[in-house]
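Text of structure_25.txt (compact mmCIF, C-alpha atoms and all ligand atoms) as supplied:
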```
# COMPACT_ATOMS: atom_id res chain seq x y z
CA MET D 180 -152.12 60.55 19.16
CA LYS D 181 -151.05 64.14 19.67
CA ILE D 182 -150.80 64.56 15.92
CA GLN D 183 -154.43 63.55 15.44
CA GLU D 184 -155.55 65.72 18.33
CA ASN D 185 -153.64 68.75 17.09
CA TYR D 186 -155.09 68.17 13.65
CA GLU D 187 -158.65 68.09 14.97
CA ASN D 188 -158.07 71.40 16.73
CA ALA D 189 -156.52 72.93 13.65
CA LYS D 190 -159.41 71.66 11.59
CA LEU D 191 -161.84 73.57 13.80
CA ALA D 192 -159.78 76.75 13.55
CA TYR D 193 -159.83 76.62 9.74
CA GLU D 194 -163.44 75.49 9.60
CA LYS D 195 -164.46 78.83 11.08
CA TRP D 196 -163.22 80.35 7.85
CA GLY D 197 -165.01 77.82 5.70
CA ILE D 198 -161.83 75.90 4.95
CA ASN D 199 -162.14 72.13 5.05
CA THR D 200 -158.70 70.77 5.89
CA ASP D 201 -159.55 67.23 4.72
CA LYS D 202 -160.43 68.59 1.31
CA VAL D 203 -157.30 70.72 1.26
CA LEU D 204 -155.21 67.60 1.79
CA GLU D 205 -156.96 65.84 -1.07
CA VAL D 206 -156.13 68.73 -3.37
CA LEU D 207 -152.55 68.88 -2.11
CA LYS D 208 -152.04 65.17 -2.67
CA ALA D 209 -152.80 65.60 -6.36
CA ILE D 210 -150.19 68.30 -7.03
CA PRO D 211 -147.02 66.81 -8.48
CA ILE D 212 -143.70 68.58 -8.02
CA SER D 213 -141.06 67.90 -10.63
CA ILE D 214 -137.90 67.16 -8.67
CA HIS D 215 -134.70 67.95 -10.56
CA CYS D 216 -132.26 65.07 -10.57
CA TRP D 217 -129.23 67.35 -10.86
CA GLN D 218 -129.14 68.31 -7.17
CA GLY D 219 -127.87 64.77 -6.56
CA ASP D 220 -124.61 65.01 -8.48
CA ASP D 221 -123.90 68.72 -8.90
CA ILE D 222 -125.11 68.67 -12.55
CA ARG D 223 -122.36 66.27 -13.65
CA GLY D 224 -124.38 63.71 -15.54
CA PHE D 225 -123.03 60.43 -16.87
CA GLU D 226 -121.56 61.30 -20.22
CA ILE D 227 -118.55 59.20 -21.07
CA LYS D 228 -116.68 62.26 -22.28
CA GLN D 229 -117.03 64.49 -19.23
CA ASN D 230 -116.80 68.26 -19.53
CA ASP D 231 -116.58 70.87 -16.81
CA LEU D 232 -119.84 72.51 -15.83
CA SER D 233 -120.36 75.57 -18.01
CA GLY D 234 -123.15 77.84 -19.20
CA GLY D 235 -122.74 80.49 -16.53
CA ILE D 236 -124.16 78.41 -13.71
CA ASP D 237 -122.14 77.15 -10.78
CA VAL D 238 -122.39 74.60 -8.01
CA THR D 239 -120.30 75.36 -4.94
CA GLY D 240 -119.37 73.12 -2.02
CA ASN D 241 -117.70 69.75 -1.63
CA TYR D 242 -119.94 67.84 0.72
CA PRO D 243 -119.02 64.17 0.42
CA GLY D 244 -121.22 61.45 -1.04
CA LYS D 245 -122.48 62.80 -4.34
CA ALA D 246 -123.98 60.28 -6.72
CA ALA D 247 -121.44 59.00 -9.20
CA SER D 248 -123.54 56.54 -11.16
CA PRO D 249 -127.13 56.28 -12.38
CA GLU D 250 -127.82 53.61 -9.76
CA GLN D 251 -126.53 55.82 -6.98
CA LEU D 252 -128.53 58.78 -8.24
CA ARG D 253 -131.72 56.74 -8.43
CA ASN D 254 -131.12 55.32 -4.95
CA ASP D 255 -130.59 58.80 -3.58
CA LEU D 256 -133.73 60.05 -5.28
CA GLU D 257 -135.66 57.11 -3.88
CA LYS D 258 -134.43 57.95 -0.40
CA ALA D 259 -135.49 61.57 -0.84
CA LEU D 260 -138.87 60.59 -2.26
CA SER D 261 -139.51 58.33 0.73
CA LEU D 262 -139.27 61.40 2.96
CA ILE D 263 -141.51 63.65 0.89
CA PRO D 264 -145.30 63.31 1.05
CA GLY D 265 -147.17 62.73 -2.22
CA LYS D 266 -146.51 61.36 -5.71
CA HIS D 267 -144.10 63.47 -7.69
CA ARG D 268 -142.07 63.63 -10.87
CA VAL D 269 -138.38 63.50 -11.66
CA ASN D 270 -136.77 65.95 -14.03
CA LEU D 271 -133.83 64.69 -16.08
CA HIS D 272 -131.25 66.38 -18.26
CA ALA D 273 -129.85 64.86 -21.45
CA ILE D 274 -126.48 64.35 -19.72
CA TYR D 275 -128.12 61.67 -17.58
CA ALA D 276 -128.33 59.29 -20.52
CA GLU D 277 -126.91 55.82 -19.98
CA THR D 278 -124.95 54.90 -23.07
CA ASP D 279 -123.28 51.74 -21.88
CA GLY D 280 -119.73 53.03 -22.02
CA LYS D 281 -120.09 54.37 -25.56
CA VAL D 282 -119.62 58.01 -26.50
CA ILE D 283 -122.91 59.14 -28.00
CA GLU D 284 -122.97 62.71 -29.24
CA ARG D 285 -125.86 64.73 -27.91
CA ASP D 286 -127.44 65.15 -31.31
CA GLN D 287 -127.54 61.35 -31.57
CA LEU D 288 -129.33 60.65 -28.31
CA GLU D 289 -132.29 58.29 -28.46
CA PRO D 290 -134.99 57.11 -26.11
CA LYS D 291 -133.21 53.80 -25.55
CA TYR D 292 -130.50 55.55 -23.55
CA PHE D 293 -133.13 56.45 -20.99
CA GLN D 294 -134.77 53.09 -20.65
CA ASN D 295 -133.40 52.49 -17.18
CA TRP D 296 -134.88 55.74 -16.03
CA VAL D 297 -138.24 54.84 -17.54
CA ASP D 298 -138.23 51.38 -15.97
CA TRP D 299 -137.38 52.95 -12.64
CA ALA D 300 -140.08 55.60 -12.99
CA LYS D 301 -142.62 52.90 -13.83
CA LYS D 302 -141.65 50.92 -10.78
CA LEU D 303 -142.13 53.93 -8.54
CA GLY D 304 -145.16 55.35 -10.38
CA LEU D 305 -143.38 58.60 -11.21
CA GLY D 306 -143.70 60.91 -14.18
CA LEU D 307 -140.55 62.12 -15.93
CA ASP D 308 -139.67 65.51 -17.35
CA PHE D 309 -136.75 66.35 -19.57
CA ASN D 310 -134.23 69.00 -20.60
CA PRO D 311 -131.79 69.07 -23.49
CA THR D 312 -128.35 69.99 -22.14
CA LEU D 313 -126.88 72.95 -24.02
CA PHE D 314 -123.91 73.57 -21.73
CA SER D 315 -120.91 71.63 -20.36
CA HIS D 316 -119.85 70.82 -23.91
CA GLU D 317 -117.10 71.82 -26.34
CA LYS D 318 -119.70 73.12 -28.79
CA ALA D 319 -120.97 75.48 -26.09
CA ALA D 320 -117.53 76.58 -24.96
CA ASP D 321 -117.92 80.16 -26.15
CA GLY D 322 -121.27 80.53 -24.43
CA LEU D 323 -123.36 80.35 -27.61
CA THR D 324 -125.52 77.47 -28.84
CA LEU D 325 -128.81 77.96 -30.69
CA SER D 326 -127.88 81.56 -31.52
CA HIS D 327 -124.31 80.77 -32.54
CA PRO D 328 -123.09 82.55 -35.71
CA ASN D 329 -121.70 79.24 -36.94
CA GLU D 330 -124.36 77.26 -38.73
CA ASP D 331 -122.87 73.84 -37.97
CA ILE D 332 -122.87 74.54 -34.27
CA ARG D 333 -126.45 75.77 -34.40
CA GLU D 334 -127.42 72.69 -36.37
CA PHE D 335 -125.84 70.42 -33.79
CA TRP D 336 -127.85 72.00 -30.97
CA ILE D 337 -131.05 72.09 -33.02
CA ASN D 338 -130.69 68.36 -33.58
CA HIS D 339 -129.99 67.83 -29.90
CA CYS D 340 -133.21 69.64 -29.02
CA ILE D 341 -135.22 67.64 -31.56
CA ALA D 342 -133.73 64.43 -30.17
CA SER D 343 -134.68 65.62 -26.68
CA ARG D 344 -138.28 66.24 -27.65
CA LYS D 345 -138.45 62.67 -28.95
CA ILE D 346 -137.10 61.41 -25.66
CA GLY D 347 -139.78 63.46 -23.92
CA GLU D 348 -142.40 61.90 -26.17
CA TYR D 349 -141.10 58.47 -25.20
CA PHE D 350 -141.36 59.32 -21.50
CA GLY D 351 -144.90 60.55 -21.94
CA ARG D 352 -146.02 57.54 -23.93
CA GLU D 353 -144.42 55.03 -21.61
CA LEU D 354 -145.47 56.63 -18.37
CA GLY D 355 -148.95 57.83 -19.29
CA THR D 356 -148.28 61.40 -18.22
CA PRO D 357 -146.93 64.08 -20.57
CA CYS D 358 -143.30 65.00 -20.24
CA LEU D 359 -142.40 68.67 -19.99
CA THR D 360 -139.35 69.18 -22.17
CA ASN D 361 -137.75 72.47 -21.27
CA ILE D 362 -135.18 74.26 -23.36
CA TRP D 363 -132.78 76.53 -21.54
CA ILE D 364 -129.70 77.87 -23.28
CA PRO D 365 -126.86 79.92 -21.83
CA ASP D 366 -126.38 82.16 -24.88
CA GLY D 367 -125.29 85.68 -24.13
CA TYR D 368 -122.41 88.10 -23.89
CA LYS D 369 -120.23 89.17 -21.03
CA ASP D 370 -119.94 92.71 -22.28
CA ILE D 371 -122.20 95.25 -23.91
CA PRO D 372 -123.34 93.85 -27.24
CA SER D 373 -123.05 95.85 -30.43
CA ASP D 374 -125.98 93.93 -31.88
CA ARG D 375 -128.77 92.50 -29.81
CA MET D 376 -131.05 91.63 -32.69
CA THR D 377 -128.99 89.26 -34.83
CA PRO D 378 -128.50 86.56 -32.15
CA ARG D 379 -132.20 86.78 -31.31
CA VAL D 380 -133.17 86.37 -34.95
CA ARG D 381 -131.00 83.24 -35.05
CA LEU D 382 -132.46 81.87 -31.81
CA LYS D 383 -135.95 82.37 -33.19
CA GLU D 384 -135.06 80.53 -36.38
CA SER D 385 -133.44 77.71 -34.42
CA LEU D 386 -136.53 77.31 -32.25
CA ASP D 387 -138.73 77.26 -35.33
CA LYS D 388 -136.68 74.36 -36.68
CA ILE D 389 -136.75 72.51 -33.38
CA PHE D 390 -140.52 72.79 -33.11
CA ALA D 391 -141.21 72.10 -36.78
CA GLU D 392 -141.06 68.43 -35.89
CA GLU D 393 -144.62 67.46 -34.91
CA ILE D 394 -144.73 65.66 -31.61
CA GLU D 395 -147.88 64.41 -29.95
CA PRO D 396 -148.66 66.99 -27.25
CA SER D 397 -150.36 64.46 -25.03
CA PHE D 398 -146.92 62.88 -24.64
CA ASN D 399 -144.58 65.85 -24.81
CA ILE D 400 -145.12 69.48 -23.86
CA ASP D 401 -142.51 72.06 -24.89
CA ALA D 402 -141.33 74.80 -22.59
CA ILE D 403 -138.76 77.56 -23.03
CA GLU D 404 -136.89 79.10 -20.10
CA SER D 405 -135.75 82.72 -20.07
CA LYS D 406 -132.93 84.29 -18.15
CA LEU D 407 -131.61 87.73 -17.27
CA PHE D 408 -127.90 87.09 -16.88
CA GLY D 409 -125.37 84.41 -16.03
CA ILE D 410 -121.71 84.25 -15.14
CA GLY D 411 -120.07 85.42 -18.34
CA SER D 412 -123.33 86.67 -19.82
CA GLU D 413 -123.80 89.62 -17.50
CA SER D 414 -124.57 92.20 -20.16
CA TYR D 415 -126.87 90.36 -22.49
CA VAL D 416 -128.80 87.11 -22.65
CA VAL D 417 -130.29 86.20 -26.01
CA GLY D 418 -133.23 84.28 -24.55
CA SER D 419 -134.59 87.03 -22.35
CA HIS D 420 -138.03 87.03 -20.76
CA GLU D 421 -139.57 89.20 -23.45
CA PHE D 422 -138.02 87.07 -26.15
CA TYR D 423 -139.56 83.85 -24.88
CA LEU D 424 -142.82 85.39 -23.74
CA GLY D 425 -143.40 86.56 -27.29
CA TYR D 426 -142.25 83.31 -28.80
CA ALA D 427 -144.37 81.20 -26.48
CA LEU D 428 -147.55 83.17 -27.07
CA LYS D 429 -147.15 83.17 -30.80
CA ASN D 430 -146.18 79.52 -31.09
CA ASP D 431 -148.24 77.96 -28.35
CA LYS D 432 -145.32 76.92 -26.15
CA LEU D 433 -145.05 77.12 -22.39
CA CYS D 434 -143.04 79.89 -20.78
CA LEU D 435 -140.94 78.56 -17.98
CA LEU D 436 -140.14 81.12 -15.32
CA ASP D 437 -137.18 80.40 -13.07
CA THR D 438 -137.45 82.39 -9.84
CA GLY D 439 -133.74 83.21 -10.01
CA HIS D 440 -133.85 84.64 -13.51
CA PHE D 441 -135.13 88.13 -12.87
CA HIS D 442 -133.96 91.37 -11.29
CA PRO D 443 -133.51 91.00 -7.53
CA THR D 444 -136.70 92.83 -6.57
CA GLU D 445 -138.74 91.48 -9.47
CA THR D 446 -140.90 88.53 -8.43
CA VAL D 447 -142.35 85.62 -10.34
CA SER D 448 -145.39 85.68 -8.05
CA ASN D 449 -146.35 88.99 -9.62
CA LYS D 450 -146.12 87.63 -13.16
CA ILE D 451 -148.37 84.59 -12.89
CA SER D 452 -151.74 86.38 -13.06
CA SER D 453 -150.67 88.51 -16.03
CA MET D 454 -149.28 85.63 -17.99
CA LEU D 455 -152.27 83.41 -17.33
CA LEU D 456 -154.50 85.95 -19.01
CA TYR D 457 -152.77 85.13 -22.28
CA ALA D 458 -151.41 81.62 -21.84
CA ASP D 459 -153.30 78.50 -20.81
CA GLN D 460 -150.32 77.01 -19.06
CA LEU D 461 -147.03 78.05 -17.52
CA ALA D 462 -144.11 76.25 -15.95
CA LEU D 463 -141.91 77.25 -13.04
CA HIS D 464 -138.43 76.47 -11.86
CA VAL D 465 -138.68 77.26 -8.20
CA SER D 466 -135.28 78.22 -6.89
CA ARG D 467 -133.87 80.69 -4.35
CA PRO D 468 -131.58 83.40 -5.60
CA VAL D 469 -129.33 84.91 -2.94
CA ARG D 470 -127.86 88.14 -4.34
CA TRP D 471 -127.66 86.50 -7.76
CA ASP D 472 -129.09 83.43 -9.49
CA SER D 473 -127.35 81.29 -6.89
CA ASP D 474 -129.82 78.38 -6.90
CA HIS D 475 -129.94 77.95 -3.14
CA VAL D 476 -132.21 75.29 -1.67
CA VAL D 477 -135.79 76.55 -1.57
CA THR D 478 -136.91 77.74 1.85
CA LEU D 479 -140.40 78.57 3.06
CA ASP D 480 -139.90 82.27 2.51
CA ASP D 481 -142.30 85.05 1.60
CA GLU D 482 -141.89 84.67 -2.14
CA LEU D 483 -142.45 80.92 -2.07
CA ARG D 484 -145.69 81.44 -0.18
CA GLU D 485 -146.68 84.25 -2.49
CA ILE D 486 -146.17 82.03 -5.53
CA ALA D 487 -148.30 79.31 -3.96
CA LEU D 488 -150.95 81.86 -3.01
CA GLU D 489 -151.09 83.15 -6.58
CA LEU D 490 -151.61 79.64 -7.90
CA VAL D 491 -154.53 79.18 -5.53
CA ARG D 492 -155.97 82.66 -6.06
CA CYS D 493 -155.78 82.29 -9.83
CA ASN D 494 -157.26 78.80 -9.64
CA ALA D 495 -154.16 77.72 -11.54
CA LEU D 496 -152.93 74.65 -9.71
CA ASP D 497 -153.50 72.57 -12.82
CA LYS D 498 -152.26 75.21 -15.23
CA VAL D 499 -148.84 75.82 -13.78
CA LYS D 500 -146.30 73.01 -13.86
CA LEU D 501 -144.17 73.14 -10.78
CA GLY D 502 -140.54 72.17 -10.99
CA LEU D 503 -137.60 72.78 -8.71
CA ASP D 504 -134.17 74.00 -9.71
CA PHE D 505 -131.55 74.36 -7.02
CA PHE D 506 -128.16 72.84 -6.42
CA ASP D 507 -126.15 73.04 -3.27
CA ALA D 508 -123.04 70.91 -2.84
CA SER D 509 -122.22 72.28 0.61
CA ILE D 510 -124.84 70.19 2.41
CA ASN D 511 -126.12 66.64 2.21
CA ARG D 512 -127.58 66.49 -1.29
CA VAL D 513 -130.41 64.13 -0.42
CA ALA D 514 -131.40 66.40 2.45
CA ALA D 515 -131.35 69.34 0.04
CA TRP D 516 -134.01 67.66 -2.08
CA VAL D 517 -136.09 66.85 0.97
CA ILE D 518 -135.88 70.35 2.42
CA GLY D 519 -136.67 72.12 -0.83
CA THR D 520 -139.48 69.83 -1.91
CA ARG D 521 -141.13 69.69 1.50
CA ASN D 522 -141.02 73.47 1.53
CA MET D 523 -142.70 73.70 -1.85
CA ILE D 524 -145.47 71.41 -0.62
CA LYS D 525 -145.76 73.33 2.64
CA ALA D 526 -146.17 76.58 0.73
CA LEU D 527 -148.97 75.04 -1.33
CA MET D 528 -150.63 73.79 1.83
CA TYR D 529 -150.30 77.22 3.40
CA ALA D 530 -151.96 78.79 0.39
CA LEU D 531 -154.77 76.24 0.36
CA LEU D 532 -155.37 76.99 4.05
CA THR D 533 -155.82 80.71 3.39
CA PRO D 534 -159.29 82.23 2.97
CA VAL D 535 -158.43 83.60 -0.45
CA ASP D 536 -161.99 84.46 -1.47
CA TYR D 537 -162.67 86.32 1.75
CA LEU D 538 -159.44 88.28 1.30
CA LYS D 539 -160.25 89.06 -2.33
CA ASP D 540 -163.57 90.43 -1.22
CA LEU D 541 -161.97 92.68 1.38
CA GLN D 542 -159.81 94.15 -1.33
CA GLU D 543 -162.79 94.72 -3.61
CA LYS D 544 -164.50 96.59 -0.80
CA GLY D 545 -161.42 98.65 -0.08
CA GLN D 546 -161.00 97.21 3.41
CA PHE D 547 -157.23 97.26 3.41
CA THR D 548 -156.76 97.31 7.18
CA GLU D 549 -158.65 94.06 7.55
CA ARG D 550 -156.93 92.61 4.46
CA LEU D 551 -153.51 93.13 6.03
CA ALA D 552 -154.65 92.05 9.48
CA ILE D 553 -156.16 88.76 8.35
CA MET D 554 -153.28 87.92 6.02
CA GLU D 555 -150.87 88.41 8.91
CA GLU D 556 -152.98 86.47 11.42
CA PHE D 557 -153.07 83.50 9.10
CA LYS D 558 -149.31 83.23 9.30
CA THR D 559 -149.70 81.85 12.82
CA TYR D 560 -152.75 79.71 12.25
CA PRO D 561 -152.04 76.06 13.15
CA PHE D 562 -150.81 75.11 9.73
CA GLY D 563 -147.96 73.05 11.22
CA ALA D 564 -150.51 70.72 12.82
CA VAL D 565 -152.09 70.10 9.42
CA TRP D 566 -148.66 69.53 7.90
CA ASP D 567 -147.71 66.97 10.58
CA TYR D 568 -150.99 65.15 10.08
CA TYR D 569 -150.47 65.15 6.32
CA CYS D 570 -146.97 63.70 6.64
CA GLU D 571 -148.19 61.01 9.00
CA SER D 572 -151.16 60.08 6.86
CA MET D 573 -148.91 59.91 3.78
CA GLY D 574 -146.52 57.59 5.59
CA VAL D 575 -143.52 59.92 5.67
CA PRO D 576 -141.63 61.13 8.75
CA VAL D 577 -143.26 63.87 10.79
CA LYS D 578 -141.43 67.12 11.53
CA GLU D 579 -137.64 66.87 11.62
CA THR D 580 -137.57 63.12 12.20
CA TRP D 581 -136.78 62.68 8.48
CA LEU D 582 -133.31 63.91 9.34
CA ASP D 583 -132.64 60.69 11.27
CA GLU D 584 -133.22 58.79 8.05
CA ILE D 585 -130.82 61.07 6.22
CA ASN D 586 -128.15 60.64 8.87
CA LYS D 587 -128.53 56.90 8.71
CA TYR D 588 -128.33 56.95 4.92
CA GLU D 589 -125.27 59.15 5.06
CA GLU D 590 -123.56 56.81 7.47
CA GLU D 591 -124.50 53.61 5.68
CA VAL D 592 -124.39 54.69 2.05
CA LEU D 593 -123.12 58.17 1.22
CA SER D 594 -120.02 58.13 3.41
CA LYS D 595 -118.87 54.90 1.77
CA ARG D 596 -118.73 56.37 -1.72
C1 LIG P 1 -129.94 77.88 -15.51
C2 LIG P 1 -131.32 77.39 -15.61
C3 LIG P 1 -131.48 75.95 -15.92
C4 LIG P 1 -130.51 75.05 -15.19
C5 LIG P 1 -130.80 73.58 -15.33
C6 LIG P 1 -129.66 72.74 -14.88
O1 LIG P 1 -129.84 79.15 -15.02
O2 LIG P 1 -132.01 77.70 -14.44
O3 LIG P 1 -132.78 75.57 -15.71
O4 LIG P 1 -130.46 75.36 -13.83
O5 LIG P 1 -131.20 73.30 -16.60
ZN ZN P 2 -133.96 76.89 -14.23
```

Could you take the file, read its structure, and then write that structure out as structure tokens?
Amino acid sequence: MKIQENYENAKLAYEKWGINTDKVLEVLKAIPISIHCWQGDDIRGFEIKQNDLSGGIDVTGNYPGKAASPEQLRNDLEKALSLIPGKHRVNLHAIYAETDGKVIERDQLEPKYFQNWVDWAKKLGLGLDFNPTLFSHEKAADGLTLSHPNEDIREFWINHCIASRKIGEYFGRELGTPCLTNIWIPDGYKDIPSDRMTPRVRLKESLDKIFAEEIEPSFNIDAIESKLFGIGSESYVVGSHEFYLGYALKNDKLCLLDTGHFHPTETVSNKISSMLLYADQLALHVSRPVRWDSDHVVTLDDELREIALELVRCNALDKVKLGLDFFDASINRVAAWVIGTRNMIKALMYALLTPVDYLKDLQEKGQFTERLAIMEEFKTYPFGAVWDYYCESMGVPVKETWLDEINKYEEEVLSKR
């Protein structure tokens, strides 16, 4: 009862600003978040021949209960999804193939190895997204893949990426919603390169070969993810932001911006409006870098809100594909999904409950005192009441009560693994 009552009061408060909270919730409901499966098992995957995590990324922590099989991972995802309002998507990596005990090389992967995932997604009404995995592999051991000087190694990874795009096409066709297939590679050098151009020339040629294969864009959409540095590629990353921005614009691909892949004071929120002037669509990996690209669980911080505000201000909610990318093994992994995804949705709700047009107008008129004042006042508008109402109306736990479900799941399922 209180939830309804609080909502009605909040509704009046926002109505004064011409914001209809019921309509906001309708819009919010239609925004899918692509939830990355790899938070559930510390990016291990299910390859028969297991390799250590590589590629300059790292998962720290040893919280018990990580998923050790596809069934466990799907169950964990289902638990998380039951605590998150709305219909979302699940983002897979190639290492999550199910090959029935057989070693299948990555360049030989086929849609059939993902049939269980597709059946599961159909059952739950989820869309699927995909990523070729160009790390944690002997052919990526020296930190180079698509830009490798060795042609055979490049060829192997090119074929893996082509195979991945076909898997994406299969997801899109089967599930009736296009799959975003995102290519991220770790390629780079630890120390100052003596030649920055040659690896980039090779990466460009490799991408050209990968995308030469025509794939129906209503089933599969290609994205390319840039990076600034990684562990072991501190001095130079082949696939930098400028590299992929240029490539994407010229070749009609989506740029994927990961919020941890830029200089510490450089923000993705500030890039969205510029990039949308030249690209119809963008994709994001929302993460939280702490001092480096640490991939902490997303919190409702200033930058998250600013990203959401930019999407609303730029009228870009259907142009920017939202995905998450964090991995923390020091806390309950299912809770990590719930916290990060709920925060992403909260940020979107916050942005939708902001009088963006009014604020734009203040700026146009040079009324900067009022601009700052109103933006700050809105931080304490009763947005929590709208959030609680939304959770209740979507049939998911209100406020922190979702944690009870997690504790129960940990006791009954995770602790027994
Ligand atoms: C790495 C990239 C990449 C990975 C995932 C696992 O820095 O962000 O997106 O996190 O593909
Ligand atoms: Zn990423």

Give as a VMD selection string the residues surrounding ligand ZN 2 (chain P) up to a distance of 6 Å, considering all atoms listed in the file.
chain D and resid 437 464 504

Using all atoms listed in the file, determine which residues fall within 7 Å of ligand LIG 1 (chain P), then list them as a list in words.
Trp217, Ile222, Ile236, Asn310, Trp363, Glu404, Lys406, Gly409, Asp437, His440, His464, Asp504 and Phe505 of chain D

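The space separating atom CA of D:Ile210 from atom CA of D:Ile451 comes to 17.4 Å.
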
Find the residues near stretch 514-524 of chain D: any atom within 7 Å, counting all atoms listed in the file, skip ones fewer than 5 places away on the same chain, and give them as a PyMOL selection string.
chain D and resi 259+262-263+476-479+585

Which residues are close to stretch 421-431 of chain D, i.e. within 10 Å by only C-alpha atoms, leaving aside same-chain residues fewer than 2 positions away? Reply as a list in words.
Arg379, Leu382, Lys383, Leu386, Asp387, Phe390, Asp401, Ala402, Ile403, Glu404, Ser405, Lys406, Val416, Val417, Gly418, Ser419, Leu433, Cys434, Leu435, Leu436, Met454, Tyr457, Ala458, Asp459, Gln460 and Leu461 of chain D

Which of these, D:Arg484, D:Lys318, D:Lys245, D:Arg333, has the shortest distance to D:Ser594 once you count all atoms listed in the file?
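So, comparing all the options, the nearest one is D:Lys245.
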
Can you tell me which residues surround D:Ala526 at a distance of at most 12 Å, considering all atoms listed in the file, apart from same-chain residues fewer than 6 positions away, and format the answer as an NGL selection string?
:D and (207 or 465 or 477-491 or 519-520 or 532-533 or 558 or 562-563 or 566)

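Residue nearest D:Tyr588 within the list D:Ser385, D:Thr278, D:Asn511, D:Thr239: D:Asn511 [criterion: smallest interatomic distance, only C-alpha atoms].
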
Do a neighbour search on D:Lys301 at 9 Å with all atoms listed in the file, toss out local chain neighbours closer than 4 positions, and write the hits as a PyMOL selection string.
chain D and resi 296-297+305-306+353-354

Restricting the calculation to all atoms listed in the file, which member of D:Glu348, D:Asp231, D:Asp331, D:Asp472 is positioned closest to D:Pro290?
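Once distances to D:Pro290 are computed over all atoms listed in the file, the minimum belongs to D:Glu348.
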
Hey, which of D:Leu232, D:Ile341, D:Ala508, D:Ile182 ends up closest to D:Glu317? Count only C-alpha atoms.
D:Leu232
